[in-house]
>>> print(open('run-v9.cif').read())   # mmCIF, C-alpha atoms
data_input
loop_
_atom_site.group_PDB
_atom_site.id
_atom_site.type_symbol
_atom_site.label_atom_id
_atom_site.label_comp_id
_atom_site.auth_asym_id
_atom_site.auth_seq_id
_atom_site.Cartn_x
_atom_site.Cartn_y
_atom_site.Cartn_z
ATOM 1 C CA MET A 1266 0.000 0.000 0.000
ATOM 2 C CA ILE A 1267 1.264 3.451 -0.936
ATOM 3 C CA THR A 1268 2.049 5.954 1.839
ATOM 4 C CA VAL A 1269 1.031 9.576 1.370
ATOM 5 C CA TYR A 1270 2.862 12.530 2.937
ATOM 6 C CA LYS A 1271 1.598 16.088 3.127
ATOM 7 C CA LYS A 1272 3.375 19.369 3.806
ATOM 8 C CA SER A 1273 2.439 19.816 7.466
ATOM 9 C CA LYS A 1274 3.296 16.206 8.390
ATOM 10 C CA LEU A 1275 6.487 15.692 6.430
ATOM 11 C CA PRO A 1276 9.199 14.522 8.855
ATOM 12 C CA LYS A 1277 12.371 16.608 8.748
ATOM 13 C CA ASP A 1278 14.607 13.588 8.227
ATOM 14 C CA VAL A 1279 12.739 12.337 5.141
ATOM 15 C CA GLU A 1280 14.476 12.716 1.788
ATOM 16 C CA LEU A 1281 11.940 14.332 -0.545
ATOM 17 C CA ILE A 1282 12.674 14.073 -4.276
ATOM 18 C CA ARG A 1283 10.951 16.857 -6.220
ATOM 19 C CA LEU A 1284 12.746 16.606 -9.574
ATOM 20 C CA ASN A 1285 11.680 13.176 -10.726
ATOM 21 C CA ASP A 1286 13.218 13.452 -14.201
ATOM 22 C CA SER A 1287 16.635 14.201 -12.825
ATOM 23 C CA TYR A 1288 16.508 11.505 -10.136
ATOM 24 C CA PHE A 1289 15.331 8.924 -12.644
ATOM 25 C CA ASN A 1290 18.029 9.717 -15.190
ATOM 26 C CA LYS A 1291 20.744 9.630 -12.549
ATOM 27 C CA PHE A 1292 19.712 6.734 -10.317
ATOM 28 C CA THR A 1293 16.570 4.755 -11.173
ATOM 29 C CA ALA A 1294 17.353 4.145 -14.850
ATOM 30 C CA ALA A 1295 20.166 1.791 -13.881
ATOM 31 C CA LEU A 1296 17.800 -0.282 -11.710
ATOM 32 C CA LEU A 1297 15.208 -1.137 -14.371
ATOM 33 C CA ASN A 1298 14.409 -4.780 -15.022
ATOM 34 C CA ASP A 1299 11.414 -6.731 -16.373
ATOM 35 C CA ASN A 1300 9.231 -5.256 -13.618
ATOM 36 C CA ALA A 1301 9.457 -1.912 -15.404
ATOM 37 C CA LYS A 1302 7.812 -3.232 -18.573
ATOM 38 C CA PRO A 1303 4.159 -3.214 -17.440
ATOM 39 C CA ILE A 1304 4.629 0.210 -15.816
ATOM 40 C CA ILE A 1305 5.997 1.730 -19.024
ATOM 41 C CA LYS A 1306 3.356 -0.093 -21.054
ATOM 42 C CA GLN A 1307 0.481 1.152 -18.915
ATOM 43 C CA ILE A 1308 1.508 4.776 -18.489
ATOM 44 C CA ASP A 1309 3.359 5.647 -21.695
ATOM 45 C CA ARG A 1310 1.838 2.883 -23.839
ATOM 46 C CA SER A 1311 5.367 1.992 -24.932
ATOM 47 C CA GLU A 1312 7.461 -1.174 -25.062
ATOM 48 C CA LEU A 1313 10.778 -1.372 -23.232
ATOM 49 C CA LEU A 1314 13.245 -2.614 -25.866
ATOM 50 C CA ASN A 1315 16.229 -3.124 -23.593
ATOM 51 C CA LYS A 1316 17.459 -1.673 -20.334
ATOM 52 C CA TYR A 1317 18.024 1.812 -21.713
ATOM 53 C CA SER A 1318 15.654 2.190 -24.668
ATOM 54 C CA PHE A 1319 11.982 1.951 -25.491
ATOM 55 C CA ALA A 1320 9.805 2.146 -28.601
ATOM 56 C CA SER A 1321 7.997 5.451 -29.031
ATOM 57 C CA ARG A 1322 4.219 5.113 -28.815
ATOM 58 C CA PHE A 1323 3.905 7.537 -31.708
ATOM 59 C CA ASP A 1324 6.038 5.955 -34.419
ATOM 60 C CA GLY A 1325 7.795 2.975 -32.839
ATOM 61 C CA THR A 1326 11.275 4.471 -33.092
ATOM 62 C CA GLY A 1327 13.753 3.507 -30.383
ATOM 63 C CA LEU A 1328 14.311 6.229 -27.788
ATOM 64 C CA ASN A 1329 16.553 6.500 -24.769
ATOM 65 C CA ILE A 1330 14.612 6.029 -21.542
ATOM 66 C CA ASP A 1331 15.346 9.629 -20.584
ATOM 67 C CA LYS A 1332 12.468 10.398 -22.997
ATOM 68 C CA LEU A 1333 9.874 8.597 -20.882
ATOM 69 C CA SER A 1334 7.187 10.909 -19.531
ATOM 70 C CA THR A 1335 7.723 12.558 -16.153
ATOM 71 C CA GLY A 1336 4.685 10.666 -14.828
ATOM 72 C CA CYS A 1337 6.182 7.361 -15.916
ATOM 73 C CA LYS A 1338 9.573 8.254 -14.447
ATOM 74 C CA THR A 1339 7.885 9.222 -11.184
ATOM 75 C CA ALA A 1340 6.086 5.861 -11.014
ATOM 76 C CA LEU A 1341 9.366 4.038 -11.675
ATOM 77 C CA ASN A 1342 11.175 6.131 -9.066
ATOM 78 C CA ILE A 1343 8.565 5.185 -6.460
ATOM 79 C CA PHE A 1344 8.563 1.520 -7.477
ATOM 80 C CA TYR A 1345 12.334 1.081 -7.358
ATOM 81 C CA ASN A 1346 13.078 3.341 -4.377
ATOM 82 C CA ALA A 1347 10.450 2.492 -1.793
ATOM 83 C CA ASP A 1348 12.486 4.105 1.003
ATOM 84 C CA LYS A 1349 12.363 7.594 -0.521
ATOM 85 C CA VAL A 1350 9.491 10.076 -0.885
ATOM 86 C CA PHE A 1351 8.686 11.400 -4.364
ATOM 87 C CA ASP A 1352 6.671 14.461 -5.363
ATOM 88 C CA ILE A 1353 3.750 13.343 -7.555
ATOM 89 C CA SER A 1354 2.535 16.802 -8.590
ATOM 90 C CA GLU A 1355 3.482 16.174 -12.233
ATOM 91 C CA CYS A 1356 1.629 12.870 -12.583
ATOM 92 C CA GLY A 1357 -1.361 12.470 -14.873
ATOM 93 C CA GLU A 1358 -4.404 10.469 -13.855
ATOM 94 C CA ASN A 1359 -3.040 7.399 -15.675
ATOM 95 C CA ALA A 1360 0.214 7.513 -13.690
ATOM 96 C CA LEU A 1361 -1.601 8.188 -10.414
ATOM 97 C CA GLU A 1362 -3.863 5.170 -10.856
ATOM 98 C CA LEU A 1363 -0.872 2.881 -11.208
ATOM 99 C CA ILE A 1364 1.173 4.473 -8.413
ATOM 100 C CA TYR A 1365 -1.681 4.035 -5.930
ATOM 101 C CA SER A 1366 -1.882 0.337 -6.843
ATOM 102 C CA PHE A 1367 1.747 -0.334 -5.839
ATOM 103 C CA GLU A 1368 2.312 -2.610 -2.848
ATOM 104 C CA LYS A 1369 4.700 -0.077 -1.361
ATOM 105 C CA GLY A 1370 6.134 3.350 -2.005
ATOM 106 C CA LYS A 1371 6.028 6.878 -0.611
ATOM 107 C CA VAL A 1372 4.501 9.925 -2.272
ATOM 108 C CA TYR A 1373 4.202 13.633 -1.507
ATOM 109 C CA CYS A 1374 2.329 16.601 -2.887
ATOM 110 C CA ASP A 1375 1.527 20.118 -1.614
ATOM 111 C CA TYR A 1376 -2.138 19.486 -2.472
ATOM 112 C CA PRO A 1377 -4.296 16.362 -2.952
ATOM 113 C CA MET A 1378 -3.316 14.183 -5.906
ATOM 114 C CA ILE A 1379 -5.567 11.144 -5.743
ATOM 115 C CA PRO A 1380 -6.852 8.881 -8.520
ATOM 116 C CA PHE A 1381 -10.620 8.739 -8.875
ATOM 117 C CA ASN A 1382 -10.539 4.958 -8.508
ATOM 118 C CA LEU A 1383 -8.695 4.984 -5.167
ATOM 119 C CA ILE A 1384 -8.845 1.597 -3.444
ATOM 120 C CA ARG A 1385 -6.593 2.057 -0.432
ATOM 121 C CA ALA A 1386 -3.800 4.318 0.746
ATOM 122 C CA GLU A 1387 -1.982 4.989 3.972
ATOM 123 C CA ALA A 1388 -1.468 8.558 5.116
ATOM 124 C CA PHE A 1389 1.465 9.533 7.318
ATOM 125 C CA ASP A 1390 -0.049 11.632 10.083
ATOM 126 C CA GLY A 1391 2.820 12.440 12.385
ATOM 127 C CA GLY A 1392 3.345 9.551 14.770
ATOM 128 C CA LYS A 1393 0.557 7.401 13.341
ATOM 129 C CA ALA A 1394 -0.559 5.984 10.019
ATOM 130 C CA LEU A 1395 -4.138 6.412 8.827
ATOM 131 C CA VAL A 1396 -5.646 4.103 6.220
ATOM 132 C CA PHE A 1397 -8.097 5.528 3.693
ATOM 133 C CA ASN A 1398 -10.177 3.715 1.118
ATOM 134 C CA ASP A 1399 -12.336 6.649 0.130
ATOM 135 C CA TYR A 1400 -11.295 9.444 -2.238
ATOM 136 C CA GLU A 1401 -13.167 12.197 -0.395
ATOM 137 C CA GLU A 1402 -11.844 11.221 3.036
ATOM 138 C CA LEU A 1403 -8.234 11.157 1.879
ATOM 139 C CA LYS A 1404 -8.740 14.496 0.110
ATOM 140 C CA LYS A 1405 -10.169 15.979 3.298
ATOM 141 C CA TRP A 1406 -7.166 14.761 5.357
ATOM 142 C CA TRP A 1407 -4.756 16.132 2.732
ATOM 143 C CA GLU A 1408 -6.381 19.557 2.655
ATOM 144 C CA TYR A 1409 -6.603 19.899 6.427
ATOM 145 C CA GLU A 1410 -3.630 21.866 7.737
ATOM 146 C CA ASP A 1411 -3.249 21.627 11.503
ATOM 147 C CA MET B 812 -7.070 37.815 -17.326
ATOM 148 C CA LYS B 813 -7.910 36.688 -20.832
ATOM 149 C CA ILE B 814 -6.128 38.553 -23.634
ATOM 150 C CA LYS B 815 -5.077 37.743 -27.193
ATOM 151 C CA PRO B 816 -1.528 36.442 -27.762
ATOM 152 C CA VAL B 817 0.883 39.382 -27.524
ATOM 153 C CA VAL B 818 3.845 37.756 -29.304
ATOM 154 C CA LEU B 819 2.962 34.802 -31.550
ATOM 155 C CA GLU B 820 -0.332 33.491 -32.870
ATOM 156 C CA LYS B 821 1.214 30.306 -34.273
ATOM 157 C CA ILE B 822 4.167 28.000 -33.854
ATOM 158 C CA ASN B 823 4.906 25.755 -36.755
ATOM 159 C CA THR B 824 8.088 23.707 -36.685
ATOM 160 C CA ARG B 825 9.377 20.301 -37.602
ATOM 161 C CA HIS B 826 11.754 17.834 -35.914
ATOM 162 C CA THR B 827 12.465 14.876 -38.216
ATOM 163 C CA ASN B 828 9.034 13.240 -38.657
ATOM 164 C CA TYR B 829 7.381 15.284 -35.886
ATOM 165 C CA LEU B 830 5.422 18.392 -36.765
ATOM 166 C CA ILE B 831 4.277 21.039 -34.283
ATOM 167 C CA ASP B 832 1.289 23.003 -35.529
ATOM 168 C CA PHE B 833 0.080 25.177 -32.671
ATOM 169 C CA GLU B 834 -2.359 28.064 -32.932
ATOM 170 C CA PHE B 835 -2.875 30.286 -29.893
ATOM 171 C CA GLU B 836 -6.103 32.015 -28.990
ATOM 172 C CA THR B 837 -5.063 33.478 -25.657
ATOM 173 C CA ASN B 838 -1.910 34.892 -24.120
ATOM 174 C CA ILE B 839 -1.524 32.029 -21.688
ATOM 175 C CA THR B 840 -1.865 28.548 -23.116
ATOM 176 C CA PHE B 841 -1.945 26.011 -20.307
ATOM 177 C CA ILE B 842 -1.381 22.426 -21.499
ATOM 178 C CA ILE B 843 -2.497 19.489 -19.365
ATOM 179 C CA GLY B 844 -3.020 15.797 -20.118
ATOM 180 C CA ASP B 845 -2.212 12.250 -19.126
ATOM 181 C CA SER B 846 1.415 11.242 -18.679
ATOM 182 C CA GLY B 847 3.005 10.079 -21.909
ATOM 183 C CA THR B 848 0.902 12.044 -24.367
ATOM 184 C CA GLY B 849 3.892 13.928 -25.784
ATOM 185 C CA LYS B 850 3.941 17.133 -23.741
ATOM 186 C CA SER B 851 7.631 17.024 -22.919
ATOM 187 C CA ALA B 852 8.477 15.866 -26.455
ATOM 188 C CA VAL B 853 6.672 18.939 -27.758
ATOM 189 C CA PHE B 854 8.639 21.067 -25.284
ATOM 190 C CA SER B 855 11.922 19.690 -26.651
ATOM 191 C CA PHE B 856 10.901 20.399 -30.271
ATOM 192 C CA ILE B 857 9.899 23.974 -29.399
ATOM 193 C CA ASN B 858 13.143 24.375 -27.463
ATOM 194 C CA GLU B 859 15.024 23.373 -30.597
ATOM 195 C CA PHE B 860 12.948 25.871 -32.604
ATOM 196 C CA SER B 861 14.063 28.628 -30.202
ATOM 197 C CA TYR B 862 17.393 28.758 -32.041
ATOM 198 C CA GLU B 863 15.410 30.104 -34.993
ATOM 199 C CA GLU B 864 12.653 32.067 -33.238
ATOM 200 C CA LYS B 865 14.608 34.367 -30.946
ATOM 201 C CA ARG B 866 11.572 35.443 -28.941
ATOM 202 C CA LEU B 867 11.137 31.951 -27.521
ATOM 203 C CA ARG B 868 12.526 31.167 -24.079
ATOM 204 C CA CYS B 869 12.179 27.619 -22.780
ATOM 205 C CA PHE B 870 12.500 26.424 -19.196
ATOM 206 C CA ASN B 871 12.102 22.996 -17.604
ATOM 207 C CA TYR B 872 13.313 21.058 -14.567
ATOM 208 C CA ILE B 873 16.935 21.533 -15.633
ATOM 209 C CA ASP B 874 16.483 25.240 -14.853
ATOM 210 C CA TYR B 875 15.124 24.572 -11.355
ATOM 211 C CA ASN B 876 18.118 26.116 -9.589
ATOM 212 C CA LYS B 877 18.739 28.821 -12.173
ATOM 213 C CA ASN B 878 17.494 32.372 -12.343
ATOM 214 C CA TYR B 879 14.516 31.764 -14.629
ATOM 215 C CA LYS B 880 12.135 33.782 -12.456
ATOM 216 C CA GLN B 881 14.218 36.942 -12.810
ATOM 217 C CA SER B 882 14.608 36.274 -16.503
ATOM 218 C CA ILE B 883 10.818 36.231 -16.880
ATOM 219 C CA ARG B 884 10.345 39.357 -14.782
ATOM 220 C CA ASN B 885 12.980 41.271 -16.779
ATOM 221 C CA SER B 886 11.644 40.386 -20.215
ATOM 222 C CA LYS B 887 9.424 42.028 -22.798
ATOM 223 C CA ASN B 888 8.021 40.648 -26.040
ATOM 224 C CA LYS B 889 9.092 37.087 -25.277
ATOM 225 C CA ILE B 890 7.166 33.851 -25.361
ATOM 226 C CA PHE B 891 8.011 31.648 -22.403
ATOM 227 C CA VAL B 892 7.520 27.919 -22.692
ATOM 228 C CA ILE B 893 7.582 26.310 -19.259
ATOM 229 C CA ASP B 894 7.553 22.535 -18.782
ATOM 230 C CA ASN B 895 7.410 20.942 -15.300
ATOM 231 C CA ALA B 896 5.417 24.012 -14.247
ATOM 232 C CA ASP B 897 4.067 22.384 -11.092
ATOM 233 C CA ILE B 898 7.630 22.348 -9.790
ATOM 234 C CA LEU B 899 8.951 25.547 -11.389
ATOM 235 C CA LEU B 900 6.124 28.017 -10.793
ATOM 236 C CA ASP B 901 5.433 29.051 -7.221
ATOM 237 C CA ASP B 902 2.452 31.159 -6.188
ATOM 238 C CA GLY B 903 4.352 34.432 -6.670
ATOM 239 C CA MET B 904 5.386 33.600 -10.231
ATOM 240 C CA ARG B 905 1.862 32.451 -11.062
ATOM 241 C CA ARG B 906 0.472 35.756 -9.839
ATOM 242 C CA TYR B 907 3.066 37.638 -11.913
ATOM 243 C CA ILE B 908 2.343 35.642 -15.062
ATOM 244 C CA SER B 909 -1.420 36.054 -14.673
ATOM 245 C CA LYS B 910 -0.985 39.849 -14.843
ATOM 246 C CA ASP B 911 1.852 40.045 -17.382
ATOM 247 C CA VAL B 912 0.728 41.638 -20.650
ATOM 248 C CA MET B 913 4.254 42.139 -22.036
ATOM 249 C CA ASN B 914 5.064 38.475 -22.624
ATOM 250 C CA GLN B 915 3.240 35.367 -23.768
ATOM 251 C CA TYR B 916 3.242 31.949 -22.095
ATOM 252 C CA ILE B 917 2.875 28.281 -22.955
ATOM 253 C CA ILE B 918 2.748 26.399 -19.671
ATOM 254 C CA ILE B 919 2.859 22.614 -19.379
ATOM 255 C CA GLY B 920 1.662 21.240 -16.064
ATOM 256 C CA ARG B 921 -1.127 19.704 -14.060
ATOM 257 C CA ASN B 922 -2.442 22.431 -11.853
ATOM 258 C CA PRO B 923 -3.361 25.865 -13.296
ATOM 259 C CA ARG B 924 -4.011 27.371 -9.851
ATOM 260 C CA GLY B 925 -3.144 31.026 -9.406
ATOM 261 C CA LEU B 926 -3.002 31.814 -13.126
ATOM 262 C CA ALA B 927 -6.547 33.199 -13.273
ATOM 263 C CA LEU B 928 -7.413 31.051 -16.284
ATOM 264 C CA SER B 929 -10.844 30.113 -17.515
ATOM 265 C CA TYR B 930 -11.620 26.584 -18.726
ATOM 266 C CA ASP B 931 -11.255 27.535 -22.378
ATOM 267 C CA GLU B 932 -7.620 28.542 -21.832
ATOM 268 C CA ILE B 933 -6.700 24.986 -20.887
ATOM 269 C CA TYR B 934 -5.583 22.678 -23.658
ATOM 270 C CA GLU B 935 -4.467 19.134 -24.376
ATOM 271 C CA ILE B 936 -2.150 17.889 -27.073
ATOM 272 C CA GLU B 937 -3.688 15.951 -29.903
ATOM 273 C CA SER B 938 -1.476 13.821 -32.148
ATOM 274 C CA SER B 939 -2.280 12.433 -35.573
ATOM 275 C CA GLU B 940 -0.264 10.495 -38.135
ATOM 276 C CA SER B 941 -0.247 10.857 -41.884
ATOM 277 C CA ASN B 942 2.428 9.527 -44.283
ATOM 278 C CA ASP B 943 4.785 8.792 -41.358
ATOM 279 C CA ILE B 944 4.515 12.384 -40.112
ATOM 280 C CA ILE B 945 3.293 12.748 -36.527
ATOM 281 C CA CYS B 946 1.523 16.067 -36.104
ATOM 282 C CA PHE B 947 0.904 17.640 -32.679
ATOM 283 C CA ARG B 948 -1.887 20.202 -32.346
ATOM 284 C CA LEU B 949 -3.652 21.904 -29.478
ATOM 285 C CA LYS B 950 -7.229 21.130 -28.593
ATOM 286 C CA LYS B 951 -9.400 22.428 -25.777
ATOM 287 C CA ALA B 952 -9.133 20.182 -22.743
ATOM 288 C CA LEU B 953 -12.175 18.205 -21.681
ATOM 289 C CA ILE B 954 -12.501 19.230 -18.056
#
>>> encode(input="run-v9.cif", output="C-alpha cells")
Amino acid sequence: MITVYKKSKLPKDVELIRLNDSYFNKFTAALLNDNAKPIIKQIDRSELLNKYSFASRFDGTGLNIDKLSTGCKTALNIFYNADKVFDISECGENALELIYSFEKGKVYCDYPMIPFNLIRAEAFDGGKALVFNDYEELKKWWEYED
Amino acid sequence: MKIKPVVLEKINTRHTNYLIDFEFETNITFIIGDSGTGKSAVFSFINEFSYEEKRLRCFNYIDYNKNYKQSIRNSKNKIFVIDNADILLDDGMRRYISKDVMNQYIIIGRNPRGLALSYDEIYEIESSESNDIICFRLKKALI
C-alpha cells in the first residue's frame, strides 16, 4: 500500500525528491528490469526494448529512456526506491492510478493528488498511520492543515 | 485575465518526422493531459525551434536552480515555454504571469491554480499520423 505525505506532516529527516526526471536519469534508470515493462506499457503505452531504450508510442522508433514521460519516471522512481518520498505533482491520472496500486512506495504533494478509482492508501499523520479507502476522506485529510 | 496572444499566434516547426502546428487564442496557453501524451516531447521540439525564433525562451526542470524567475520578470516581447510548471512556478510567479501583458506563455503542467485562467484557456495535445509524419496540435481540454 502506498504511503502519502503532506506538507504539514512531512518529517524533517525524510528525503523528498521533487525533480523526478533528474533523479530517474541519474539513479533509477540503472535499476530497471522486467518489472518496469508493465509500468511503461500502462503509463506511456510503450514497449521497453532493452534496459536503456523503449519504442515510441507515436512511431515505434527507439528512444533512450530519458524520454519517458515525467509521470512514468515518477512511477518508476517510487517503485524502485520504496524508502524515498517522491513528489507526484506532475503525474497524470493514468500515472496516479498505477502508483496508488503499488504494494509499497512513498509519495508527496503540496495538495491532494488522488486517482478517482482509489482503493486504499496509507497517510502519514505524524506519529501514526491512517488508512483511507475513500477518495473524499483522503482528500479531506490532505487539505486539512493543523 | 484573458487577452489575445501578444507575441505569436502560431508555432509551426518540424523535428524529423514530428510536426508542431500550434495556434494560440489566448496569451496564456496552459497544457495538461495524461502522462506520456507527448507534452515534454513537444517542449523539446519547441526548445530546438528557439534557435530560430529568438523570442522563444524555454524552461524545464533543468532550470530549477537557475534564475529563470528573474529572466521572466525582466523580459518584454518574449514567449516563455515552461515545462514541469508544477515544480517551477510558485504562487508568486503564477500571480506575476497572470498579470503580465508584455510576454506570452505556454505552460505545461497539471495544476493551473493562481493563473486566473478560464476553462477555455486549458488545452491538451492531440497527435495524428499521416504519411509517417506525426503532427501535434492543441485542442481544448475536456474538463
>>> residues_around(input="run-v9.cif", residues="range 821-827 of chain B", least_positions_apart="3", cutoff="8 Å", atoms="all atoms listed in the file", output="list in words")
Leu830, Ile831, Asp832, Phe833, Glu834, Phe835, Phe856, Ile857 and Phe860 of chain B
>>> closest_atom_pairs(input="run-v9.cif", of="chain A", to="chain B", cutoff="8 Å", atoms="all atoms listed in the file", output="tab-separated table")
residue	atom	partner	partner_atom	distance
A:Arg1283	CA	B:Ile898	CA	7.3
A:Leu1284	CA	B:Tyr872	CA	6.7
A:Asp1286	CA	B:Tyr872	CA	7.6
A:Ser1287	CA	B:Tyr872	CA	7.8
A:Ile1308	CA	B:Ser846	CA	6.5
A:Asp1309	CA	B:Gly847	CA	4.5
A:Arg1310	CA	B:Gly847	CA	7.5
A:Phe1323	CA	B:Ile945	CA	7.1
A:Asp1324	CA	B:Asp943	CA	7.6
A:Lys1332	CA	B:Ala852	CA	7.6
A:Leu1333	CA	B:Gly847	CA	7.1
A:Ser1334	CA	B:Gly847	CA	4.9
A:Thr1335	CA	B:Ser846	CA	6.9
A:Gly1336	CA	B:Ser846	CA	5.1
A:Cys1337	CA	B:Ser846	CA	6.7
A:Ser1354	CA	B:Asp897	CA	6.3
A:Glu1355	CA	B:Arg921	CA	6.1
A:Cys1356	CA	B:Ser846	CA	6.3
A:Gly1357	CA	B:Asp845	CA	4.3
A:Glu1358	CA	B:Asp845	CA	6.0
A:Asn1359	CA	B:Asp845	CA	6.0
A:Ala1360	CA	B:Ser846	CA	6.3
>>> write_last_selection(input="run-v9.cif", atoms="C-alpha atoms", output="short mmCIF file (atom, residue, chain, number, x, y, z; two decimals), in the frame of the given file")
data_model
loop_
_atom_site.label_atom_id
_atom_site.label_comp_id
_atom_site.auth_asym_id
_atom_site.auth_seq_id
_atom_site.Cartn_x
_atom_site.Cartn_y
_atom_site.Cartn_z
CA ARG A 1283 10.95 16.86 -6.22
CA LEU A 1284 12.75 16.61 -9.57
CA ASP A 1286 13.22 13.45 -14.20
CA SER A 1287 16.64 14.20 -12.82
CA ILE A 1308 1.51 4.78 -18.49
CA ASP A 1309 3.36 5.65 -21.70
CA ARG A 1310 1.84 2.88 -23.84
CA PHE A 1323 3.90 7.54 -31.71
CA ASP A 1324 6.04 5.96 -34.42
CA LYS A 1332 12.47 10.40 -23.00
CA LEU A 1333 9.87 8.60 -20.88
CA SER A 1334 7.19 10.91 -19.53
CA THR A 1335 7.72 12.56 -16.15
CA GLY A 1336 4.68 10.67 -14.83
CA CYS A 1337 6.18 7.36 -15.92
CA SER A 1354 2.54 16.80 -8.59
CA GLU A 1355 3.48 16.17 -12.23
CA CYS A 1356 1.63 12.87 -12.58
CA GLY A 1357 -1.36 12.47 -14.87
CA GLU A 1358 -4.40 10.47 -13.86
CA ASN A 1359 -3.04 7.40 -15.68
CA ALA A 1360 0.21 7.51 -13.69
#
>>> atom_distance(input="run-v9.cif", atom1="CA of Thr840 in chain B", atom2="CA of Ile918 in chain B")
6.1 Å
>>> atom_distance(input="run-v9.cif", atom1="CA of Phe947 in chain B", atom2="CA of Tyr1288 in chain A")
28.1 Å
>>> resolve_selection(input="run-v9.cif", expression="the PyMOL selection byres ((chain B and resi 936) around 6)", output="list of chain:residue names")
B:Glu935, B:Glu937, B:Arg948, B:Leu949
>>> residues_around(input="run-v9.cif", residues="Glu1410 in chain A", least_positions_apart="4", cutoff="10 Å", atoms="only C-alpha atoms", output="PyMOL selection string")
chain A and resi 1271-1274+1405-1406
>>> write_last_selection(input="run-v9.cif", atoms="C-alpha atoms", output="short mmCIF file (atom, residue, chain, number, x, y, z; two decimals), keeping the file's coordinate frame")
data_model
loop_
_atom_site.label_atom_id
_atom_site.label_comp_id
_atom_site.auth_asym_id
_atom_site.auth_seq_id
_atom_site.Cartn_x
_atom_site.Cartn_y
_atom_site.Cartn_z
CA LYS A 1271 1.60 16.09 3.13
CA LYS A 1272 3.38 19.37 3.81
CA SER A 1273 2.44 19.82 7.47
CA LYS A 1274 3.30 16.21 8.39
CA LYS A 1405 -10.17 15.98 3.30
CA TRP A 1406 -7.17 14.76 5.36
#
>>> residues_around(input="run-v9.cif", residues="Ile890 in chain B", least_positions_apart="6", cutoff="8 Å", atoms="only C-alpha atoms", output="list in words")
Val818, Leu819, Arg866, Leu867, Arg868, Asn914, Gln915, Tyr916 and Ile917 of chain B
>>> residues_near_point(input="run-v9.cif", point="(-3.8, 6.9, -10.1)", cutoff="9 Å", atoms="all atoms listed in the file", output="MDAnalysis selection string")
chainID A and resid 1356:1366 1378:1383
>>> atom_distance(input="run-v9.cif", atom1="CA of Ser929 in chain B", atom2="CA of Lys951 in chain B")
11.4 Å
>>> residues_around(input="run-v9.cif", residues="Asn1342 in chain A", least_positions_apart="6", cutoff="10 Å", atoms="only C-alpha atoms", output="list of chain:residue names")
A:Ile1282, A:Asn1285, A:Asp1286, A:Tyr1288, A:Phe1289, A:Asn1290, A:Phe1292, A:Thr1293, A:Ala1294, A:Leu1296, A:Leu1297, A:Gly1336, A:Lys1349, A:Val1350, A:Phe1351, A:Gly1370, A:Lys1371
>>> write_last_selection(input="run-v9.cif", atoms="C-alpha atoms", output="PDB file, in the coordinates of the input")
ATOM      1  CA  ILE A1282      12.674  14.073  -4.276  1.00  0.00           C
ATOM      2  CA  ASN A1285      11.680  13.176 -10.726  1.00  0.00           C
ATOM      3  CA  ASP A1286      13.218  13.452 -14.201  1.00  0.00           C
ATOM      4  CA  TYR A1288      16.508  11.505 -10.136  1.00  0.00           C
ATOM      5  CA  PHE A1289      15.331   8.924 -12.644  1.00  0.00           C
ATOM      6  CA  ASN A1290      18.029   9.717 -15.190  1.00  0.00           C
ATOM      7  CA  PHE A1292      19.712   6.734 -10.317  1.00  0.00           C
ATOM      8  CA  THR A1293      16.570   4.755 -11.173  1.00  0.00           C
ATOM      9  CA  ALA A1294      17.353   4.145 -14.850  1.00  0.00           C
ATOM     10  CA  LEU A1296      17.800  -0.282 -11.710  1.00  0.00           C
ATOM     11  CA  LEU A1297      15.208  -1.137 -14.371  1.00  0.00           C
ATOM     12  CA  GLY A1336       4.685  10.666 -14.828  1.00  0.00           C
ATOM     13  CA  LYS A1349      12.363   7.594  -0.521  1.00  0.00           C
ATOM     14  CA  VAL A1350       9.491  10.076  -0.885  1.00  0.00           C
ATOM     15  CA  PHE A1351       8.686  11.400  -4.364  1.00  0.00           C
ATOM     16  CA  GLY A1370       6.134   3.350  -2.005  1.00  0.00           C
ATOM     17  CA  LYS A1371       6.028   6.878  -0.611  1.00  0.00           C
TER      18      LYS A1371
END
>>> axis_aligned_box(input="run-v9.cif", around="range 873-891 of chain B", padding_each_side="4 Å", output="JSON")
{"center_x": 13.0, "center_y": 31.8, "center_z": -17.8, "size_x": 19.6, "size_y": 28.5, "size_z": 24.5}
>>> closest_residue(input="run-v9.cif", among="A:Val1372, A:Pro1377, A:Gly1391, A:Phe1397", to="Thr1268 in chain A", atoms="only C-alpha atoms")
A:Val1372
>>> residues_around(input="run-v9.cif", residues="Ser1318 in chain A", least_positions_apart="5", cutoff="12 Å", atoms="all atoms listed in the file", output="PyMOL selection string")
chain A and resi 1294-1295+1297-1298+1301-1302+1305+1311-1313+1325-1333
>>> residues_near_point(input="run-v9.cif", point="(-9.9, 41.4, -26.1)", cutoff="12 Å", atoms="only C-alpha atoms", output="list of chain:residue names")
B:Met812, B:Lys813, B:Ile814, B:Lys815, B:Pro816, B:Val817, B:Glu836, B:Thr837, B:Asn838, B:Val912
>>> resolve_selection(input="run-v9.cif", expression="the PyMOL selection byres ((chain A and resi 1396) around 12)", output="number ranges by chain")
A: 1266-1269, 1383-1390, 1393-1395, 1397-1400, 1402-1403, 1406
>>> closest_residue(input="run-v9.cif", among="B:Arg884, B:Glu932, B:Phe870, B:Glu863", to="Lys910 in chain B", atoms="all atoms listed in the file")
B:Arg884
